[in-house]
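*Asks:* TSV, C-alpha atoms, file entry-v4.tsv:
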chain	number	residue	atom	x	y	z
A	1	ARG	CA	-8.60	19.93	-20.33
A	2	ASN	CA	-5.61	18.43	-22.13
A	3	GLU	CA	-2.35	17.66	-20.39
A	4	LEU	CA	0.71	15.59	-21.28
A	5	THR	CA	2.26	13.65	-18.38
A	6	TYR	CA	5.60	11.86	-18.23
A	7	ALA	CA	7.08	8.83	-16.54
A	8	GLY	CA	10.46	7.10	-16.56
A	9	PHE	CA	12.47	4.67	-14.50
A	10	THR	CA	16.00	3.29	-14.45
A	11	ARG	CA	17.55	0.66	-12.22
A	12	LEU	CA	21.06	-0.69	-11.71
A	13	GLU	CA	21.59	-4.25	-10.47
A	14	GLN	CA	24.84	-5.78	-9.34
A	15	ALA	CA	25.56	-9.40	-8.37
A	16	LEU	CA	27.60	-9.25	-5.16
A	17	ASP	CA	28.16	-13.02	-5.11
A	18	ASP	CA	26.43	-16.20	-6.30
A	19	ARG	CA	23.54	-15.66	-3.88
A	20	THR	CA	23.23	-11.91	-3.40
A	21	VAL	CA	22.09	-9.14	-5.74
A	22	GLY	CA	22.02	-5.46	-4.88
A	23	TYR	CA	20.05	-2.82	-6.74
A	24	ALA	CA	19.30	0.89	-6.77
A	25	GLY	CA	16.82	2.79	-8.86
A	26	ILE	CA	15.32	6.19	-9.51
A	27	GLY	CA	12.04	7.00	-11.19
A	28	HIS	CA	9.65	9.81	-11.91
A	29	THR	CA	5.93	9.64	-12.65
A	30	GLN	CA	3.11	12.12	-13.08
A	31	ARG	CA	-0.55	11.38	-12.31
A	32	PHE	CA	-3.39	13.37	-13.81
A	33	PRO	CA	-6.30	13.95	-11.34
A	34	ASP	CA	-9.02	11.36	-11.70
A	35	TYR	CA	-12.70	12.13	-12.26
A	36	TRP	CA	-13.62	12.25	-8.57
A	37	GLU	CA	-10.71	14.52	-7.68
A	38	LEU	CA	-11.63	16.93	-10.43
A	39	ILE	CA	-15.25	17.26	-9.31
A	40	SER	CA	-14.49	17.06	-5.56
A	41	MET	CA	-15.29	20.75	-5.08
A	42	SER	CA	-18.58	20.34	-6.90
A	43	SER	CA	-22.12	19.71	-5.80
A	44	ALA	CA	-23.41	16.17	-5.91
A	45	ASN	CA	-26.51	17.47	-7.68
A	46	ALA	CA	-24.56	19.67	-10.12
A	47	PRO	CA	-21.22	17.93	-10.75
A	48	VAL	CA	-19.66	20.90	-12.52
A	49	ALA	CA	-20.98	23.59	-10.18
A	50	ASN	CA	-17.43	24.67	-9.40
A	51	ALA	CA	-15.79	24.43	-12.82
A	52	SER	CA	-12.60	26.06	-11.53
A	53	ALA	CA	-11.67	22.75	-9.86
A	54	LEU	CA	-11.27	21.25	-13.33
A	55	GLN	CA	-8.41	23.68	-13.97
A	56	THR	CA	-6.90	24.32	-10.55
A	57	THR	CA	-6.29	20.75	-9.36
A	58	ARG	CA	-2.77	20.07	-10.59
A	59	SER	CA	-1.26	16.72	-11.55
A	60	GLU	CA	0.86	14.86	-8.99
A	61	LYS	CA	4.58	14.64	-9.74
A	62	THR	CA	6.45	11.89	-7.87
A	63	THR	CA	10.19	11.24	-7.82
A	64	GLN	CA	11.32	8.06	-6.05
A	65	VAL	CA	14.67	6.55	-5.19
A	66	ASP	CA	14.96	3.02	-3.84
A	67	ALA	CA	17.61	0.46	-3.03
A	68	GLY	CA	17.69	-3.10	-1.78
A	69	LEU	CA	19.31	-6.50	-1.48
A	70	LEU	CA	18.09	-9.93	-2.63
A	71	TYR	CA	19.53	-13.13	-1.17
A	72	ARG	CA	18.56	-16.53	-2.57
A	73	THR	CA	19.47	-20.13	-1.81
A	74	ALA	CA	17.75	-23.41	-2.63
A	75	GLN	CA	15.75	-23.18	0.60
A	76	MET	CA	15.65	-19.50	1.52
A	77	ASN	CA	14.80	-16.14	-0.03
A	78	ILE	CA	15.46	-12.87	1.80
A	79	SER	CA	14.81	-9.36	0.50
A	80	ALA	CA	15.38	-5.96	2.07
A	81	SER	CA	14.43	-2.67	0.47
A	82	ALA	CA	14.04	1.01	1.30
A	83	PHE	CA	12.60	3.96	-0.59
A	84	TYR	CA	12.16	7.72	-0.49
A	85	ASN	CA	9.43	9.62	-2.37
A	86	ARG	CA	9.13	13.33	-2.99
A	87	VAL	CA	5.70	14.32	-4.31
A	88	ASN	CA	5.06	17.77	-5.70
A	89	ASP	CA	1.37	18.75	-5.95
A	90	PHE	CA	0.16	15.73	-3.99
A	91	ILE	CA	-3.65	15.67	-4.27
A	92	LEU	CA	-5.05	15.87	-0.73
A	93	ILE	CA	-8.80	15.95	-0.07
A	94	ASN	CA	-9.96	18.31	2.69
A	95	TYR	CA	-13.23	17.04	4.15
A	96	ASN	CA	-13.32	19.80	6.78
A	97	GLN	CA	-14.44	22.46	4.27
A	98	LEU	CA	-17.79	21.13	3.19
A	99	ALA	CA	-20.97	22.81	2.08
A	100	ALA	CA	-24.35	21.23	1.44
A	101	GLY	CA	-24.04	18.43	-1.07
A	102	VAL	CA	-20.29	18.96	-1.63
A	103	ILE	CA	-18.01	15.92	-1.70
A	104	GLY	CA	-14.82	17.62	-0.49
A	105	LEU	CA	-12.13	20.09	-1.40
A	106	ALA	CA	-9.20	18.91	-3.54
A	107	THR	CA	-5.97	20.68	-2.65
A	108	ASN	CA	-2.38	20.34	-3.85
A	109	VAL	CA	0.43	20.07	-1.30
A	110	ASP	CA	4.06	19.02	-1.37
A	111	ALA	CA	4.67	15.77	0.47
A	112	GLN	CA	7.26	13.11	1.18
A	113	THR	CA	7.10	9.45	2.09
A	114	TYR	CA	9.81	6.99	2.99
A	115	GLY	CA	9.84	3.45	4.25
A	116	ALA	CA	11.36	-0.01	4.23
A	117	GLU	CA	10.35	-3.64	3.90
A	118	LEU	CA	11.99	-6.88	4.97
A	119	ALA	CA	10.68	-10.22	3.71
A	120	ALA	CA	11.87	-13.81	4.00
A	121	SER	CA	10.68	-17.26	3.02
A	122	TYR	CA	12.01	-20.68	3.98
A	123	ARG	CA	11.22	-24.02	2.36
A	124	VAL	CA	11.10	-26.59	5.14
A	125	ASN	CA	10.66	-29.53	2.76
A	126	ASP	CA	9.08	-30.35	-0.59
A	127	TRP	CA	5.55	-29.48	0.57
A	128	LEU	CA	5.87	-26.87	3.37
A	129	LYS	CA	7.01	-23.26	3.01
A	130	LEU	CA	7.11	-20.53	5.68
A	131	ASN	CA	7.15	-16.80	4.95
A	132	THR	CA	7.24	-13.55	6.87
A	133	SER	CA	7.46	-9.84	6.17
A	134	ILE	CA	7.43	-6.49	7.92
A	135	ALA	CA	6.80	-3.11	6.29
A	136	TYR	CA	7.01	0.50	7.47
A	137	VAL	CA	6.07	3.76	5.77
A	138	HIS	CA	6.21	7.35	7.04
A	139	GLY	CA	4.61	10.32	5.31
A	140	LYS	CA	4.50	14.07	5.85
A	141	ASP	CA	2.56	16.96	4.35
A	142	LEU	CA	5.46	19.37	3.88
A	143	THR	CA	3.29	22.33	2.95
A	144	ASN	CA	1.36	22.31	6.23
A	145	ASP	CA	3.93	20.47	8.41
A	146	ARG	CA	1.46	17.69	9.29
A	147	PRO	CA	1.36	13.90	9.02
A	148	LEU	CA	0.24	12.69	5.61
A	149	ALA	CA	-3.27	11.24	5.88
A	150	GLN	CA	-4.36	7.67	5.11
A	151	LEU	CA	-0.98	5.99	5.53
A	152	PRO	CA	-0.77	2.53	7.12
A	153	PRO	CA	1.15	1.81	10.34
A	154	VAL	CA	3.86	-0.83	10.75
A	155	GLU	CA	2.57	-4.20	9.56
A	156	ALA	CA	4.01	-7.70	9.96
A	157	ARG	CA	2.84	-10.93	8.37
A	158	LEU	CA	3.56	-14.54	9.26
A	159	GLY	CA	2.36	-17.25	6.91
A	160	PHE	CA	2.68	-20.76	5.63
A	161	THR	CA	1.80	-22.63	2.44
A	162	VAL	CA	1.35	-26.36	1.98
A	163	ASP	CA	1.37	-28.03	-1.43
A	164	TYR	CA	1.02	-31.81	-1.16
A	165	GLN	CA	0.01	-33.82	-4.21
A	166	ARG	CA	-3.51	-32.59	-5.10
A	167	TRP	CA	-4.03	-30.67	-1.86
A	168	SER	CA	-2.89	-27.18	-0.90
A	169	ALA	CA	-3.41	-24.95	2.12
A	170	GLY	CA	-2.19	-21.68	3.54
A	171	GLY	CA	-2.59	-19.24	6.36
A	172	VAL	CA	-1.59	-15.70	7.27
A	173	LEU	CA	-1.33	-13.99	10.63
A	174	ARG	CA	-1.46	-10.22	10.08
A	175	LEU	CA	-0.22	-8.00	12.91
A	176	VAL	CA	-0.71	-4.23	12.61
A	177	ALA	CA	0.67	-1.67	15.05
A	178	PRO	CA	-1.33	1.31	16.36
A	179	GLN	CA	-1.34	4.41	14.18
A	180	ASP	CA	-1.05	7.68	16.08
A	181	ARG	CA	0.09	9.81	13.12
A	182	PHE	CA	-3.06	11.15	11.51
A	183	ASN	CA	-4.56	14.32	10.04
A	184	ALA	CA	-8.20	14.45	11.02
A	185	GLY	CA	-10.57	15.37	8.22
A	186	PHE	CA	-8.02	14.92	5.45
A	187	GLY	CA	-7.47	11.98	3.12
A	188	ASN	CA	-8.23	10.86	-0.41
A	189	ILE	CA	-11.36	10.07	-2.39
A	190	ALA	CA	-11.57	6.63	-0.80
A	191	GLY	CA	-11.43	7.75	2.84
A	192	LYS	CA	-10.29	10.23	5.47
A	193	ASP	CA	-8.56	10.20	8.85
A	194	LEU	CA	-10.89	10.40	11.84
A	195	GLY	CA	-8.36	9.91	14.63
A	196	PRO	CA	-5.81	7.41	15.95
A	197	ALA	CA	-6.26	3.73	15.14
A	198	ALA	CA	-5.61	0.88	17.55
A	199	GLY	CA	-3.40	-2.05	16.67
A	200	PHE	CA	-4.94	-5.39	15.72
A	201	GLY	CA	-4.28	-8.90	14.49
A	202	THR	CA	-6.22	-11.05	12.04
A	203	VAL	CA	-5.97	-14.64	10.85
A	204	SER	CA	-6.81	-15.87	7.35
A	205	LEU	CA	-6.89	-19.47	6.12
A	206	ASN	CA	-7.36	-21.07	2.72
A	207	ALA	CA	-7.27	-24.53	1.15
A	208	GLY	CA	-7.51	-26.01	-2.30
A	209	TYR	CA	-7.97	-29.26	-4.16
A	210	ARG	CA	-7.02	-30.10	-7.75
A	211	PRO	CA	-9.35	-32.84	-9.07
A	212	THR	CA	-7.61	-32.85	-12.46
A	213	LYS	CA	-4.73	-31.03	-14.13
A	214	GLN	CA	-7.24	-28.63	-15.70
A	215	SER	CA	-9.28	-27.79	-12.59
A	216	LEU	CA	-8.72	-26.29	-9.16
A	217	ILE	CA	-11.14	-25.76	-6.28
A	218	LEU	CA	-10.24	-23.07	-3.75
A	219	PHE	CA	-11.95	-22.00	-0.56
A	220	GLY	CA	-10.96	-19.87	2.41
A	221	VAL	CA	-11.89	-17.27	4.99
A	222	ASP	CA	-10.40	-13.85	5.77
A	223	ASN	CA	-10.48	-12.51	9.33
A	224	LEU	CA	-11.29	-15.92	10.77
A	225	PHE	CA	-12.17	-14.66	14.26
A	226	ASP	CA	-14.31	-11.73	13.01
A	227	LYS	CA	-12.01	-9.09	14.50
A	228	LEU	CA	-13.33	-5.54	14.34
A	229	TYR	CA	-10.47	-3.38	13.01
A	230	CYS	CA	-9.57	-0.38	10.91
A	231	ASN	CA	-6.33	0.15	9.03
A	232	THR	CA	-6.16	3.93	9.48
A	233	GLY	CA	-7.93	6.70	11.24
A	234	TYR	CA	-10.74	5.42	13.46
A	235	ARG	CA	-10.80	6.32	17.13
A	236	GLY	CA	-11.58	3.82	19.84
A	237	TYR	CA	-11.14	0.36	18.31
A	238	ALA	CA	-9.74	-1.96	20.97
Can the structure from this file be put into structure tokens for me?
*Replies:*
Amino acid sequence: RNELTYAGFTRLEQALDDRTVGYAGIGHTQRFPDYWELISMSSANAPVANASALQTTRSEKTTQVDAGLLYRTAQMNISASAFYNRVNDFILINYNQLAAGVIGLATNVDAQTYGAELAASYRVNDWLKLNTSIAYVHGKDLTNDRPLAQLPPVEARLGFTVDYQRWSAGGVLRLVAPQDRFNAGFGNIAGKDLGPAAGFGTVSLNAGYRPTKQSLILFGVDNLFDKLYCNTGYRGYA
């Protein structure tokens, strides 16, 4: 199967004053189905058992518009952005229609996503910097009038970084809201929605030491308190 796909992007930036820049952009991209999406209707023992999937799974076509503001001073950076995506022929995997040995059913639907992100960082002094962000995304399967599967809920992050002589350290507190918008049995090749997901918080820490200018030793731990969590689609996590 041969197919030519296209992509393009343009963006306009405007300095509003010495510290603030505004921007707006529009782009279009097309994504050819990957190997797993093309054989998703096929048997695990006979990967091309359903050869029609190789021809019927259409390429995704995404058009996005976005806009935002950037504010910078010697001590502080603030950014705010928002976007809207319209996706024609979004590749959605239906895990509810399975037969023996079949991975899943690749379907094409029209979909939309939109969201926003706010981020800020503040340099307290020469060695300490604080940062925070919050992000939101909303998606809908327009063809079937359902939530779009495998989308993350609202997420906020609070962090710090320390850089003092040869030593460095950092930490991140990740706070994720519950996700009650799901489409059970649908998703992508990497995973599917099973049900609502509970909110959670995790802590990660890291530190480093630079013995010489040419070497750096880093160590750290993610999910310091061993919190059991799931980003999307698992019922019953507390």
*Asks:* Every residue with an atom at most 10 Å from (14.2, -14.2, 2.4) (file coordinates; all atoms listed in the file) is what I'm after, so could you write them as a ChimeraX atom specification?
*Replies:* /A:70-73,75-80,118-122,131-133
*Asks:* A:Thr161, A:Thr212, A:Gln150, A:Asn94: which is nearest Asn108 in chain A, counting all atoms listed in the file?
*Replies:* A:Asn94
*Asks:* Quick one: distance from CA of Ser168 in chain A to CA of Ala207 in chain A in Å, one decimal?
*Replies:* 5.5 Å
*Asks:* Using all atoms listed in the file for the distances, tell me which of A:Gln112, A:Asn144, A:Thr202, A:Thr107 is nearest to Ala156 in chain A.
*Replies:*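 The shortest atom-to-atom distance to Ala156 in chain A comes from A:Thr202.
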*Asks:* Could you pull the residues within 12 Å of Cys230 in chain A, counting all atoms listed in the file, minus those fewer than 6 positions along the same chain, as number ranges by chain?
*Replies:* A: 150-153, 176-179, 191-202, 236-238
*Asks:* Can you work out which one of A:Ser59, A:Gln64, A:Asn88, A:Gln30 has the shortest atom-to-atom distance to Tyr114 in chain A, counting all atoms listed in the file?
*Replies:*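 Ranking A:Ser59, A:Gln64, A:Asn88, A:Gln30 by distance to Tyr114 in chain A, first place goes to A:Gln64.
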*Asks:* Let me make sure I understand: among A:Phe186, A:Tyr95, A:Phe32, A:Trp167, which one has the smallest atom-to-atom distance to Thr57 in chain A if we use all atoms listed in the file?
*Replies:*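 Ranked by minimum distance to Thr57 in chain A, first place goes to A:Phe32.
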*Asks:* Considering all atoms listed in the file, return as a JSON list (two decimals) with C-alpha atoms, keeping the file's coordinate frame whatever protein or nucleic-acid residues lie within 12 Å of Ala7 in chain A, sequence-local ones (same chain, fewer than 3 positions apart) excluded.
*Replies:*
[["chain", "number", "residue", "atom", "x", "y", "z"],
["A", 4, "LEU", "CA", 0.71, 15.59, -21.28],
["A", 10, "THR", "CA", 16.00, 3.29, -14.45],
["A", 26, "ILE", "CA", 15.32, 6.19, -9.51],
["A", 27, "GLY", "CA", 12.04, 7.00, -11.19],
["A", 28, "HIS", "CA", 9.65, 9.81, -11.91],
["A", 29, "THR", "CA", 5.93, 9.64, -12.65],
["A", 30, "GLN", "CA", 3.11, 12.12, -13.08],
["A", 31, "ARG", "CA", -0.55, 11.38, -12.31],
["A", 32, "PHE", "CA", -3.39, 13.37, -13.81],
["A", 60, "GLU", "CA", 0.86, 14.86, -8.99],
["A", 61, "LYS", "CA", 4.58, 14.64, -9.74],
["A", 62, "THR", "CA", 6.45, 11.89, -7.87],
["A", 63, "THR", "CA", 10.19, 11.24, -7.82],
["A", 64, "GLN", "CA", 11.32, 8.06, -6.05]]
*Asks:* Measure the distance from CA of Leu148 in chain A to CA of Asn223 in chain A in Å and round it to one decimal.
*Replies:* 27.6 Å
*Asks:* With only C-alpha atoms as the basis for distance, which of A:Ser204, A:Thr113, A:Asn183, A:Gln214 is at the shortest distance from Leu158 in chain A?
*Replies:*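 Answer, going by the shortest atom-to-atom distance: A:Ser204.
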*Asks:* Enclose the full set of atoms of range 69-87 of chain A listed in the file within a box whose edges lie along x, y and z, apply 4 Å of padding to each of the six sides, and report centre and edge lengths in Å to one decimal as lines of an AutoDock Vina configuration file.
*Replies:*
center_x = 12.6
center_y = -4.5
center_z = -1.1
size_x = 21.8
size_y = 45.7
size_z = 14.4
